[in-house]
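Participant: Below is the file work-v8.txt, which contains compact mmCIF, C-alpha atoms.
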```txt
# COMPACT_ATOMS: atom_id res chain seq x y z
CA MET A 76 0.00 0.00 0.00
CA ILE A 77 0.97 3.63 -0.02
CA ASP A 78 2.35 3.91 3.47
CA ALA A 79 5.40 2.61 5.25
CA PRO A 80 5.84 -1.14 4.88
CA ILE A 81 4.39 -3.23 7.64
CA ALA A 82 6.95 -5.05 9.76
CA PRO A 83 4.73 -7.06 12.04
CA GLU A 84 5.64 -9.38 14.84
CA ALA A 85 3.55 -12.21 16.15
CA PHE A 86 0.69 -11.18 18.42
CA SER A 87 -0.17 -13.57 21.22
CA GLY A 88 -1.92 -13.89 24.53
CA LYS A 89 -1.11 -16.29 27.33
CA ASP A 90 -3.35 -17.61 30.07
CA LEU A 91 -5.89 -14.81 29.69
CA SER A 92 -8.93 -14.61 31.90
CA CYS A 93 -11.58 -12.00 32.07
CA HIS A 94 -14.39 -11.11 34.46
CA ARG A 95 -17.35 -9.01 33.54
CA GLY A 96 -19.94 -7.79 36.02
CA GLY A 97 -18.57 -10.16 38.67
CA ARG A 98 -18.96 -13.17 36.36
CA MET A 99 -16.05 -15.03 34.80
CA VAL A 100 -16.33 -14.89 31.00
CA PHE A 101 -13.36 -17.06 30.09
CA ALA A 102 -10.17 -18.31 31.74
CA GLY A 103 -6.88 -19.92 30.76
CA LEU A 104 -7.18 -18.73 27.17
CA ASN A 105 -4.11 -18.82 24.88
CA PHE A 106 -3.82 -17.66 21.30
CA GLU A 107 -1.14 -16.73 18.82
CA VAL A 108 -1.37 -14.94 15.49
CA ALA A 109 1.75 -15.08 13.32
CA PRO A 110 2.48 -12.48 10.60
CA GLY A 111 0.28 -13.26 7.62
CA ALA A 112 -2.09 -15.41 9.66
CA ALA A 113 -5.72 -14.99 10.56
CA LEU A 114 -7.63 -16.04 13.64
CA VAL A 115 -11.39 -16.52 13.73
CA LEU A 116 -13.08 -16.29 17.13
CA ARG A 117 -16.14 -18.46 17.44
CA GLY A 118 -18.57 -19.05 20.25
CA ALA A 119 -22.17 -18.68 21.25
CA ASN A 120 -23.66 -15.30 22.12
CA GLY A 121 -22.20 -14.14 25.41
CA SER A 122 -19.15 -16.39 25.16
CA GLY A 123 -16.89 -13.33 25.27
CA LYS A 124 -15.92 -12.70 21.65
CA THR A 125 -16.35 -8.96 21.91
CA THR A 126 -14.75 -8.93 25.37
CA LEU A 127 -11.69 -10.72 24.01
CA MET A 128 -11.58 -8.32 21.04
CA ARG A 129 -11.56 -5.29 23.34
CA LEU A 130 -8.92 -6.99 25.45
CA MET A 131 -6.77 -7.55 22.36
CA ALA A 132 -7.20 -3.89 21.44
CA GLY A 133 -6.05 -2.80 24.89
CA LEU A 134 -9.41 -1.16 25.66
CA ALA A 135 -9.92 -3.57 28.56
CA ARG A 136 -7.47 -5.23 30.88
CA PRO A 137 -7.36 -8.99 31.51
CA ALA A 138 -8.00 -10.18 35.08
CA ALA A 139 -5.05 -12.53 34.65
CA GLY A 140 -2.53 -13.31 31.90
CA ALA A 141 -0.88 -10.99 29.42
CA LEU A 142 -0.71 -10.03 25.76
CA TYR A 143 2.56 -10.15 23.84
CA TRP A 144 3.74 -8.25 20.77
CA GLY A 145 6.65 -10.24 19.39
CA GLY A 146 8.35 -11.49 22.54
CA THR A 147 7.58 -8.57 24.79
CA ALA A 148 4.59 -8.18 27.07
CA ILE A 149 2.31 -5.28 26.20
CA ASP A 150 2.16 -2.94 29.17
CA ASP A 151 1.48 0.40 27.47
CA PRO A 152 -1.94 0.43 25.79
CA GLU A 153 -1.15 3.68 23.94
CA ALA A 154 1.91 2.17 22.25
CA HIS A 155 0.00 -1.03 21.48
CA ALA A 156 -2.80 1.00 19.90
CA THR A 157 -0.46 2.18 17.12
CA HIS A 158 -0.10 -1.45 15.96
CA LEU A 159 -3.77 -2.07 15.40
CA ARG A 160 -7.07 -1.05 13.87
CA PHE A 161 -10.20 -2.07 15.72
CA ILE A 162 -13.63 -2.12 14.11
CA GLY A 163 -16.29 -2.88 16.70
CA HIS A 164 -20.08 -2.84 16.79
CA LEU A 165 -20.20 0.94 16.98
CA ASP A 166 -19.14 2.56 13.73
CA ALA A 167 -17.84 5.92 15.03
CA ILE A 168 -19.33 7.78 12.06
CA LYS A 169 -20.36 11.43 12.40
CA PRO A 170 -23.63 11.87 10.51
CA ALA A 171 -23.00 15.58 9.87
CA GLN A 172 -19.85 14.88 7.86
CA THR A 173 -19.51 13.39 4.40
CA VAL A 174 -18.07 9.94 3.77
CA ALA A 175 -14.73 11.38 2.62
CA GLU A 176 -14.54 13.78 5.60
CA ASN A 177 -15.17 10.95 8.05
CA LEU A 178 -12.35 8.93 6.51
CA ALA A 179 -9.98 11.88 6.19
CA PHE A 180 -10.31 12.66 9.91
CA TRP A 181 -9.23 9.19 11.02
CA ARG A 182 -6.52 9.06 8.39
CA ALA A 183 -5.10 12.38 9.68
CA LEU A 184 -5.31 11.32 13.31
CA TRP A 185 -3.82 7.86 12.84
CA SER A 186 -1.25 8.39 10.12
CA LYS A 187 -0.35 12.01 10.91
CA SER A 188 -0.53 12.88 7.24
CA ALA A 189 -3.59 13.73 5.21
CA SER A 190 -3.26 11.73 2.03
CA GLY A 191 -6.12 12.15 -0.41
CA ALA A 192 -4.90 9.15 -2.43
CA ALA A 193 -5.06 6.80 0.56
CA ILE A 194 -8.66 7.84 1.23
CA VAL A 195 -9.70 7.29 -2.38
CA THR A 196 -7.99 3.87 -2.41
CA ALA A 197 -9.86 2.91 0.77
CA MET A 198 -13.22 4.04 -0.58
CA GLU A 199 -12.64 2.18 -3.86
CA ALA A 200 -11.68 -1.02 -2.03
CA LEU A 201 -15.02 -1.03 -0.22
CA GLY A 202 -17.04 0.24 -3.18
CA ILE A 203 -18.12 3.52 -1.62
CA ALA A 204 -16.09 5.90 -3.79
CA HIS A 205 -19.27 7.16 -5.49
CA LEU A 206 -20.57 8.22 -2.05
CA ALA A 207 -17.53 10.37 -1.20
CA ASP A 208 -19.43 13.68 -0.96
CA PHE A 209 -22.58 12.13 0.45
CA PRO A 210 -23.49 13.10 4.04
CA ALA A 211 -23.02 10.06 6.27
CA ARG A 212 -26.46 10.56 7.85
CA HIS A 213 -28.12 9.25 4.67
CA LEU A 214 -26.07 6.04 4.44
CA SER A 215 -27.72 2.62 4.78
CA ALA A 216 -26.59 0.20 7.50
CA GLY A 217 -24.43 -1.72 5.03
CA GLN A 218 -22.88 1.45 3.64
CA ARG A 219 -22.08 2.71 7.15
CA HIS A 220 -20.42 -0.58 7.91
CA ARG A 221 -18.35 -0.39 4.73
CA LEU A 222 -17.28 3.14 5.65
CA ALA A 223 -16.15 1.86 9.05
CA LEU A 224 -14.19 -0.94 7.37
CA ALA A 225 -12.59 1.51 4.91
CA ARG A 226 -10.76 3.07 7.87
CA VAL A 227 -8.46 0.05 8.23
CA ILE A 228 -7.26 0.59 4.66
CA ALA A 229 -7.09 4.39 4.83
CA ALA A 230 -4.56 4.21 7.67
CA PRO A 231 -2.70 0.87 7.62
CA ALA A 232 -1.56 -0.98 10.73
CA PRO A 233 -0.23 -4.53 11.07
CA LEU A 234 -3.05 -5.97 13.21
CA TRP A 235 -6.72 -5.79 12.26
CA LEU A 236 -9.31 -6.59 14.91
CA LEU A 237 -12.68 -6.94 13.21
CA ASP A 238 -15.76 -7.65 15.32
CA GLU A 239 -18.49 -9.22 13.14
CA PRO A 240 -17.21 -7.55 9.96
CA GLY A 241 -19.61 -9.52 7.75
CA ASN A 242 -22.75 -8.07 9.36
CA ALA A 243 -25.08 -6.14 7.08
CA LEU A 244 -22.83 -6.75 4.07
CA ASP A 245 -24.13 -7.98 0.70
CA GLU A 246 -22.44 -10.56 -1.53
CA THR A 247 -20.29 -8.02 -3.40
CA SER A 248 -19.09 -6.35 -0.21
CA LEU A 249 -18.28 -9.70 1.38
CA ASN A 250 -16.08 -10.44 -1.62
CA ALA A 251 -14.41 -7.05 -1.24
CA LEU A 252 -13.85 -7.75 2.45
CA SER A 253 -12.43 -11.17 1.67
CA LYS A 254 -10.09 -9.61 -0.90
CA MET A 255 -8.84 -6.88 1.42
CA ILE A 256 -8.16 -9.38 4.21
CA ALA A 257 -6.23 -11.61 1.80
CA ALA A 258 -4.19 -8.64 0.51
CA HIS A 259 -3.41 -7.52 4.05
CA ARG A 260 -2.20 -11.00 5.00
CA ALA A 261 -0.12 -11.28 1.82
CA GLU A 262 1.79 -8.22 3.04
CA GLY A 263 2.42 -9.90 6.39
CA GLY A 264 -0.50 -8.32 8.23
CA MET A 265 -2.52 -10.13 10.88
CA VAL A 266 -6.28 -10.37 11.16
CA VAL A 267 -8.48 -11.39 14.06
CA VAL A 268 -12.15 -11.78 13.22
CA ALA A 269 -15.03 -12.48 15.57
CA SER A 270 -17.80 -14.02 13.57
CA HIS A 271 -20.40 -16.79 13.48
CA GLY A 272 -19.76 -17.59 9.86
CA ALA A 273 -16.41 -16.43 8.51
CA ALA A 274 -16.33 -17.86 5.01
CA PHE A 275 -14.64 -14.62 3.89
CA VAL A 276 -11.40 -15.51 5.72
CA GLU A 277 -9.41 -18.26 4.02
CA ASN A 278 -6.98 -20.63 5.79
CA ALA A 279 -7.74 -19.23 9.22
CA GLN A 280 -7.10 -20.78 12.59
CA THR A 281 -10.21 -21.03 14.72
CA LEU A 282 -10.49 -20.33 18.41
CA ASP A 283 -13.68 -21.61 20.01
CA LEU A 284 -14.36 -19.52 23.08
CA GLY A 285 -16.82 -22.10 24.37
CA GLU A 286 -13.86 -24.23 25.45
CA PHE A 287 -12.66 -21.55 27.85
CA SER A 288 -16.02 -20.51 29.22
CA ALA A 289 -16.89 -20.64 32.90
CA ALA A 290 -19.53 -23.35 32.37
CA HIS A 291 -17.13 -25.58 30.46
CA ILE A 292 -14.38 -25.27 33.08
CA ALA A 293 -16.81 -26.01 35.92
CA HIS A 294 -17.94 -29.13 34.08
CA TRP A 295 -14.33 -30.18 33.49
CA SER A 296 -13.35 -29.76 37.16
CA ASP A 297 -16.38 -31.82 38.24
CA GLU A 298 -15.09 -34.74 36.22
CA LEU A 299 -11.69 -34.69 37.91
CA MET B 142 0.31 19.11 18.08
CA SER B 143 -1.10 18.16 14.68
CA ALA B 144 -3.37 15.61 16.37
CA PHE B 145 -4.60 18.38 18.69
CA LEU B 146 -5.45 20.60 15.73
CA THR B 147 -7.06 17.74 13.80
CA LEU B 148 -9.34 16.87 16.72
CA THR B 149 -10.21 20.43 17.71
CA GLY B 150 -10.78 21.34 14.07
CA ARG B 151 -13.21 18.48 13.57
CA ASP B 152 -15.19 19.37 16.68
CA LEU B 153 -15.39 23.00 15.59
CA ARG B 154 -16.59 22.03 12.11
CA LEU B 155 -19.18 19.67 13.59
CA ALA B 156 -20.32 22.41 15.98
CA LEU B 157 -20.68 24.86 13.06
CA ARG B 158 -22.79 22.39 11.08
CA GLN B 159 -24.95 21.67 14.10
CA SER B 160 -24.90 25.23 15.41
CA GLY B 161 -28.24 24.65 17.10
CA ASP B 162 -26.46 23.17 20.11
CA SER B 163 -24.48 26.35 20.75
CA MET B 164 -27.53 28.52 20.08
CA ILE B 165 -29.54 26.65 22.73
CA VAL B 166 -26.85 27.42 25.31
CA LEU B 167 -26.88 31.10 24.39
CA ALA B 168 -30.67 31.22 24.37
CA PHE B 169 -30.74 29.67 27.85
CA PHE B 170 -28.17 32.22 29.06
CA ALA B 171 -30.29 35.09 27.71
CA MET B 172 -33.62 33.75 28.96
CA ALA B 173 -32.36 32.93 32.46
CA THR B 174 -30.80 36.38 32.87
CA ILE B 175 -33.83 38.22 31.54
CA LEU B 176 -36.04 36.46 34.12
CA PHE B 177 -34.33 38.36 36.94
CA PRO B 178 -35.66 41.86 36.17
CA PHE B 179 -39.14 40.29 36.16
CA GLY B 180 -38.51 38.41 39.39
CA VAL B 181 -36.90 41.10 41.52
CA GLY B 182 -38.56 44.10 39.91
CA PRO B 183 -37.26 46.75 37.51
CA GLU B 184 -35.74 48.97 40.18
CA ALA B 185 -32.31 49.94 38.79
CA ALA B 186 -30.51 50.11 42.13
CA VAL B 187 -31.54 46.56 43.13
CA LEU B 188 -30.66 45.11 39.73
CA ALA B 189 -27.31 46.91 39.61
CA ARG B 190 -26.46 45.47 43.01
CA ILE B 191 -26.93 41.85 41.84
CA ALA B 192 -26.02 42.22 38.13
CA GLY B 193 -22.52 40.76 38.30
CA GLY B 194 -23.58 37.75 40.32
CA VAL B 195 -26.62 37.02 38.17
CA VAL B 196 -24.65 37.11 34.89
CA TRP B 197 -21.99 34.83 36.40
CA VAL B 198 -24.46 32.29 37.80
CA THR B 199 -26.52 32.09 34.61
CA ALA B 200 -23.33 31.78 32.53
CA LEU B 201 -22.21 28.85 34.71
CA LEU B 202 -25.59 27.13 34.38
CA ALA B 203 -25.63 27.69 30.61
CA ALA B 204 -22.14 26.20 30.24
CA LEU B 205 -23.24 23.25 32.36
CA LEU B 206 -26.10 22.62 29.95
CA SER B 207 -23.66 21.78 27.16
CA LEU B 208 -21.05 19.96 29.23
CA ASP B 209 -22.62 16.51 29.25
CA ARG B 210 -22.25 16.43 25.46
CA VAL B 211 -18.48 16.93 25.51
CA PHE B 212 -17.79 13.20 25.55
CA ALA B 213 -21.27 11.60 25.58
CA LEU B 214 -21.85 11.71 21.81
CA ASP B 215 -18.41 10.22 21.10
CA PHE B 216 -19.02 7.60 23.76
CA GLU B 217 -22.35 6.55 22.25
CA ASP B 218 -21.23 6.26 18.62
CA GLY B 219 -17.92 4.48 19.28
CA THR B 220 -15.71 7.46 18.41
CA LEU B 221 -14.31 7.44 21.94
CA ASP B 222 -13.05 3.85 21.52
CA GLN B 223 -11.27 4.87 18.34
CA LEU B 224 -9.82 8.02 19.93
CA VAL B 225 -8.44 5.97 22.82
CA LEU B 226 -6.94 3.65 20.18
CA SER B 227 -5.42 6.53 18.22
CA GLY B 228 -2.15 6.18 20.12
CA GLN B 229 -2.44 9.82 21.23
CA PRO B 230 -2.10 10.55 24.96
CA LEU B 231 -5.53 10.78 26.56
CA PRO B 232 -4.82 14.16 28.25
CA LEU B 233 -4.16 15.60 24.78
CA ILE B 234 -7.47 14.24 23.52
CA VAL B 235 -9.23 15.75 26.55
CA LEU B 236 -7.51 19.09 26.01
CA SER B 237 -8.61 19.29 22.39
CA LYS B 238 -12.20 18.40 23.29
CA VAL B 239 -12.14 21.04 26.05
CA SER B 240 -10.71 23.66 23.69
CA ALA B 241 -13.47 22.98 21.19
CA HIS B 242 -16.05 23.19 23.97
CA TRP B 243 -14.70 26.50 25.22
CA LEU B 244 -14.52 27.98 21.72
CA THR B 245 -18.10 26.94 20.91
CA THR B 246 -19.78 27.80 24.24
CA GLY B 247 -17.38 29.78 26.46
CA VAL B 248 -16.48 32.41 23.86
CA PRO B 249 -20.09 33.04 22.73
CA LEU B 250 -21.11 33.38 26.40
CA ILE B 251 -18.38 35.98 26.96
CA LEU B 252 -19.45 37.93 23.88
CA LEU B 253 -23.12 37.90 24.88
CA SER B 254 -22.53 38.84 28.53
CA PRO B 255 -22.22 42.66 28.12
CA ILE B 256 -25.56 42.79 26.32
CA LEU B 257 -27.26 40.85 29.10
CA ALA B 258 -25.50 43.02 31.69
CA VAL B 259 -27.33 46.00 30.16
CA THR B 260 -30.69 44.40 30.96
CA MET B 261 -29.41 43.97 34.52
CA GLN B 262 -28.45 47.67 34.78
CA LEU B 263 -24.79 46.86 35.45
CA PRO B 264 -22.93 50.14 36.22
CA ALA B 265 -20.67 51.27 33.36
CA ALA B 266 -17.49 50.69 35.38
CA GLY B 267 -18.18 46.95 35.56
CA TYR B 268 -18.35 45.96 31.86
CA GLY B 269 -14.67 45.61 31.06
CA THR B 270 -14.00 43.61 34.20
CA LEU B 271 -17.04 41.37 33.64
CA VAL B 272 -15.78 40.38 30.19
CA LEU B 273 -12.22 39.94 31.42
CA ALA B 274 -13.30 37.88 34.43
CA LEU B 275 -15.47 35.64 32.25
CA ALA B 276 -12.59 35.24 29.79
CA LEU B 277 -10.37 34.04 32.63
CA GLY B 278 -13.05 31.98 34.38
CA THR B 279 -14.80 30.10 31.56
CA PRO B 280 -11.74 27.98 30.62
CA THR B 281 -11.76 26.69 34.21
CA VAL B 282 -15.47 25.95 33.84
CA SER B 283 -14.82 23.86 30.70
CA LEU B 284 -11.79 22.10 32.21
CA ILE B 285 -13.46 21.11 35.50
CA GLY B 286 -16.64 20.23 33.64
CA ALA B 287 -14.73 17.85 31.38
CA VAL B 288 -13.67 15.79 34.39
CA GLY B 289 -17.28 15.53 35.50
CA ALA B 290 -18.48 14.76 31.97
CA ALA B 291 -15.93 11.93 31.67
CA LEU B 292 -16.89 10.51 35.07
CA VAL B 293 -20.62 10.30 34.34
CA LEU B 294 -20.22 8.54 30.96
CA GLY B 295 -22.47 5.51 30.77
CA THR B 296 -24.64 6.48 33.75
CA ARG B 297 -28.35 7.11 33.53
CA ARG B 298 -29.37 10.74 34.10
CA GLY B 299 -25.74 11.71 33.65
CA GLY B 300 -26.66 15.38 33.14
CA VAL B 301 -28.18 15.75 36.60
CA LEU B 302 -25.35 13.83 38.24
CA LEU B 303 -22.89 16.06 36.38
CA SER B 304 -24.41 19.23 37.87
CA LEU B 305 -24.21 17.79 41.38
CA LEU B 306 -20.57 16.85 40.77
CA VAL B 307 -19.21 20.04 39.24
CA LEU B 308 -21.36 22.92 40.54
CA PRO B 309 -19.70 22.83 44.00
CA LEU B 310 -16.32 22.98 42.28
CA TYR B 311 -17.38 26.16 40.45
CA ILE B 312 -17.84 28.08 43.72
CA PRO B 313 -14.26 29.51 43.81
CA VAL B 314 -14.59 30.72 40.23
CA LEU B 315 -17.94 32.28 41.07
CA ILE B 316 -16.63 34.03 44.22
CA PHE B 317 -13.65 35.61 42.52
CA GLY B 318 -15.49 36.26 39.25
CA THR B 319 -18.27 38.27 40.92
CA GLY B 320 -15.74 39.73 43.36
CA ALA B 321 -13.80 41.26 40.47
CA VAL B 322 -16.94 42.84 39.01
CA GLU B 323 -17.97 44.25 42.43
CA ALA B 324 -14.49 45.66 42.96
CA ALA B 325 -14.59 47.39 39.56
CA ILE B 326 -17.98 48.94 40.32
CA ILE B 327 -16.90 50.46 43.64
CA GLY B 328 -13.60 51.59 42.15
CA ARG B 329 -11.21 49.28 43.94
CA PRO B 330 -8.36 47.40 42.21
CA THR B 331 -9.53 44.28 40.36
CA GLY B 332 -6.04 42.87 39.77
CA PRO B 333 -5.92 40.47 42.76
CA MET B 334 -9.30 38.90 41.93
CA LEU B 335 -8.40 38.47 38.27
CA MET B 336 -5.06 36.97 39.20
CA VAL B 337 -6.78 34.40 41.42
CA LEU B 338 -9.06 33.56 38.47
CA ALA B 339 -6.02 33.10 36.24
CA GLY B 340 -4.41 30.94 38.93
CA LEU B 341 -7.51 28.75 39.12
CA ALA B 342 -7.41 28.36 35.34
CA ILE B 343 -3.76 27.27 35.42
CA PHE B 344 -4.50 24.89 38.29
CA ALA B 345 -7.37 23.32 36.36
CA LEU B 346 -5.25 23.17 33.19
CA THR B 347 -2.52 21.17 34.91
CA LEU B 348 -4.82 18.69 36.65
CA SER B 349 -8.06 18.17 34.80
CA PRO B 350 -6.76 16.74 31.46
CA TRP B 351 -5.11 13.91 33.38
CA ALA B 352 -8.09 13.31 35.66
CA ALA B 353 -10.53 13.33 32.74
CA GLY B 354 -8.19 11.09 30.73
CA ALA B 355 -8.16 8.50 33.50
CA ALA B 356 -11.95 8.68 33.70
CA LEU B 357 -12.22 8.15 29.93
CA ARG B 358 -10.08 5.02 30.10
CA GLN B 359 -12.37 3.71 32.84
CA ALA B 360 -15.39 4.52 30.67
CA VAL B 361 -14.25 2.48 27.66
CA GLU B 362 -13.27 -0.54 29.73
```
Starting from the coordinates I provided, produce the structure as structure tokens.
Facilitator:
Amino acid sequence: MIDAPIAPEAFSGKDLSCHRGGRMVFAGLNFEVAPGAALVLRGANGSGKTTLMRLMAGLARPAAGALYWGGTAIDDPEAHATHLRFIGHLDAIKPAQTVAENLAFWRALWSKSASGAAIVTAMEALGIAHLADFPARHLSAGQRHRLALARVIAAPAPLWLLDEPGNALDETSLNALSKMIAAHRAEGGMVVVASHGAAFVENAQTLDLGEFSAAHIAHWSDEL
Amino acid sequence: MSAFLTLTGRDLRLALRQSGDSMIVLAFFAMATILFPFGVGPEAAVLARIAGGVVWVTALLAALLSLDRVFALDFEDGTLDQLVLSGQPLPLIVLSKVSAHWLTTGVPLILLSPILAVTMQLPAAGYGTLVLALALGTPTVSLIGAVGAALVLGTRRGGVLLSLLVLPLYIPVLIFGTGAVEAAIIGRPTGPMLMVLAGLAIFALTLSPWAAGAALRQAVE
């Protein structure tokens, strides 16, 4: 892509556990994503996919365990944040601004340079280039979601954390998403996707959060 | 620095496009002040006696009206998550949001205050000091308010809770702000009062971005 080449290191987590509202969500969870690899998080509703995503992004802290970037433990969430792009359930779009303005803001904030070309490339990749001067308030749910996804291309970072990226997307957009994930991995980027059906990620490892859930562990310790 | 300008610039542009929000604050300021001549009677001497205090109190309440929106909108639409993940220090993010808030509500309040002071029969000697005192005091109002606004994120009835949290903290600003206007009217030196106001602003500037930043990190967790 246009910006500095990505030189990623493996991203991993060891022995992670997380509590939410006094309830244990998961415990003893390990994962590793190598450069160029993809990880798909699976699990029933409430199994902690979003919680783990936010943990990986550094928005939340694990109750136990640690995250590692390369070989070193991540202790500064601000420094970790520069390695990643996180697209969650909330799309962070300002309805009063146009599609291009929304993208340009995040590009300027994240990459510290306003590059018109990078924004156009991102909009073309997601098929929203024709909406550039369209106020974001009039976008459909799918178009909003594509605008949110365009941010990860507008300002590149080695690690993509995508929470349910396939939601509200039509066939064409799913193909575009699949293509941009493949291109990112070909450059050595890493992708973590939380999704029920993730046909748009090829050759991905799968992590089933059900295996680390509180209920499962209780059942397992009963058997011992 | 460029991140500061990017963030402040966006907030200013958004505020211009949705200028209704700022207008509501100004309209509240005007309405609340104009109620006083009706409430206490049109007698010039009585109004002149309370003019400085009334303009200050209504300005504080008007600023409070807009404070809960400083972070709440960004919190609700996910922008706050992305700002926290921007790799920029949180105090810098807070400072740019506060600057935008002051420029879109504090400055208009300052500009409107002399006109409202006329309806309150403020003696001529007080106008310059009123504007100067508000110019020194309103940044403190925005800075302290930002801490409160960050703390109440995600709570129900956050606006009410916010007033209970920050209004007591505005008392020093109010005392020295009205004190300066009183001093000007009776012809005594206003310098000491204004210097205390400036000191309060510097105090708030050094503490509140960090406090609000810590509260924001709690809010996204």
Participant: List the spatial neighbours of B:Ile234 as an NGL selection string - criterion: any atom at most 10 Å away, all atoms listed in the file, same-chain residues fewer than 4 positions off excluded.
Facilitator: :B and (144-145 or 148-149 or 221 or 224-225 or 227 or 229-230 or 238-240 or 350 or 353-354)
Participant: Using all atoms listed in the file and a cut-off of 12 Å, which residues of chain B sit close to chain A? Please list them as an NGL selection string.
Facilitator: :B and (142-152 or 154-160 or 214-232 or 234 or 357-362)
Participant: Determine, counting all atoms listed in the file, which protein, DNA and RNA residues have an atom within 8 Å of an atom of B:Ala203; residues of the same chain fewer than 3 positions away are not included. Present the result as a PyMOL selection string.
Facilitator: chain B and resi 166-167+169-170+199-200+206-207
Participant: Excluding same-chain residues fewer than 3 positions from stretch 91-96 of chain A, what lies within 6 Å of it counting all atoms listed in the file, as a list of chain:residue names?
Facilitator: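 Everything that qualifies: A:Met99, A:Val100, A:Phe101, A:Ala102, A:Gly103, A:Leu104, A:Pro137, A:Ala138, A:Ala139, A:Gly140.
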Participant: Counting only C-alpha atoms, which of A:Ala113, A:Leu282, A:Ala141, A:Ala179 gets nearest to A:Ser253?
Facilitator: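 When distances to A:Ser253 are compared using only C-alpha atoms, the smallest one comes from A:Ala113.
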Participant: Between atom CA of A:Thr173 and atom CA of A:Arg212, what distance in Å does the model show, to one decimal?
Facilitator: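 Spanning atom CA of A:Thr173 to atom CA of A:Arg212 is a straight-line distance of 8.3 Å.
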Participant: Which residue out of B:Val181, B:Val293, B:Leu315, B:Ala287 has the minimum interatomic distance to B:Leu201 when all atoms listed in the file are used?
Facilitator: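 Closest to B:Leu201 of all the choices is B:Leu315.
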Participant: Please measure the separation of atom CA of B:Phe317 and atom CA of B:Val301, giving the value in Å to one decimal.
Facilitator: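 Interatomic distance here is 25.3 Å.
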Participant: Find the residues near B:Phe344: any atom within 12 Å, counting only C-alpha atoms, skip ones fewer than 2 places away on the same chain, and give them as a list in words.
Facilitator: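 Near neighbours after the sequence-gap exclusion: Gly278, Pro280, Thr281, Val282, Leu284, Ile285, Val314, Val337, Leu338, Ala339, Gly340, Leu341, Ala342, Leu346, Thr347, Leu348, Ser349 and Pro350 of chain B.
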Participant: Excluding B:Val272 and its own-chain neighbours fewer than 5 positions away, which residues fall within 8 Å of it when counting all atoms listed in the file? Please give them as a PyMOL selection string.
Facilitator: chain B and resi 251-252+254-255
Participant: Mind pulling up the distance from atom CA of B:Pro313 to atom CA of B:Ala171?
Facilitator: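 Separation of atom CA of B:Ala171 and atom CA of B:Pro313: 23.4 Å.
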Participant: Looking at A:Arg117, A:Asp283, A:Ala175, A:Val266, which one is nearest to A:Ala85, with distances taken over only C-alpha atoms?
Facilitator: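 Checking each of A:Arg117, A:Asp283, A:Ala175, A:Val266 against A:Ala85, counting only C-alpha atoms, the winner is A:Val266.
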Participant: Restricting the calculation to all atoms listed in the file, which member of A:Ala193, A:Ala269, A:Asp208, A:Ala274 is positioned closest to A:Gly123?
Facilitator: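 For A:Gly123, the nearest of the given residues is A:Ala269.
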Participant: Using the file's own x, y and z axes, what box holds all listed atoms of stretch 197-210 of chain B with 8 Å on each side, keeping edges along x, y and z, and what are its centre and edge lengths in Å to one decimal, as JSON?
Facilitator:
```
{"center_x": -23.8, "center_y": 25.6, "center_z": 31.6, "size_x": 21.5, "size_y": 34.4, "size_z": 28.3}
```
Participant: Can you work out which one of A:Thr147, A:Glu262, A:Ser190, A:Leu178 has the shortest atom-to-atom distance to A:Leu224, counting all atoms listed in the file?
Facilitator: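 Using all atoms listed in the file, A:Leu224 sits closest to A:Leu178.
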Participant: Is it possible to dump stretch 119-141 of chain A as a PDB file, in the first residue's frame, including just C-alpha atoms?
Facilitator:
```pdb
ATOM      1  CA  ALA A 119     -22.175 -18.683  21.246  1.00  0.00           C
ATOM      2  CA  ASN A 120     -23.659 -15.304  22.121  1.00  0.00           C
ATOM      3  CA  GLY A 121     -22.198 -14.140  25.408  1.00  0.00           C
ATOM      4  CA  SER A 122     -19.147 -16.386  25.161  1.00  0.00           C
ATOM      5  CA  GLY A 123     -16.893 -13.328  25.275  1.00  0.00           C
ATOM      6  CA  LYS A 124     -15.921 -12.703  21.647  1.00  0.00           C
ATOM      7  CA  THR A 125     -16.354  -8.959  21.915  1.00  0.00           C
ATOM      8  CA  THR A 126     -14.753  -8.925  25.375  1.00  0.00           C
ATOM      9  CA  LEU A 127     -11.692 -10.723  24.010  1.00  0.00           C
ATOM     10  CA  MET A 128     -11.583  -8.322  21.039  1.00  0.00           C
ATOM     11  CA  ARG A 129     -11.564  -5.293  23.337  1.00  0.00           C
ATOM     12  CA  LEU A 130      -8.921  -6.987  25.453  1.00  0.00           C
ATOM     13  CA  MET A 131      -6.775  -7.550  22.362  1.00  0.00           C
ATOM     14  CA  ALA A 132      -7.199  -3.888  21.436  1.00  0.00           C
ATOM     15  CA  GLY A 133      -6.050  -2.797  24.893  1.00  0.00           C
ATOM     16  CA  LEU A 134      -9.411  -1.163  25.660  1.00  0.00           C
ATOM     17  CA  ALA A 135      -9.919  -3.565  28.556  1.00  0.00           C
ATOM     18  CA  ARG A 136      -7.469  -5.232  30.882  1.00  0.00           C
ATOM     19  CA  PRO A 137      -7.364  -8.991  31.513  1.00  0.00           C
ATOM     20  CA  ALA A 138      -8.002 -10.179  35.079  1.00  0.00           C
ATOM     21  CA  ALA A 139      -5.048 -12.529  34.646  1.00  0.00           C
ATOM     22  CA  GLY A 140      -2.535 -13.312  31.905  1.00  0.00           C
ATOM     23  CA  ALA A 141      -0.875 -10.985  29.417  1.00  0.00           C
TER      24      ALA A 141
END
```
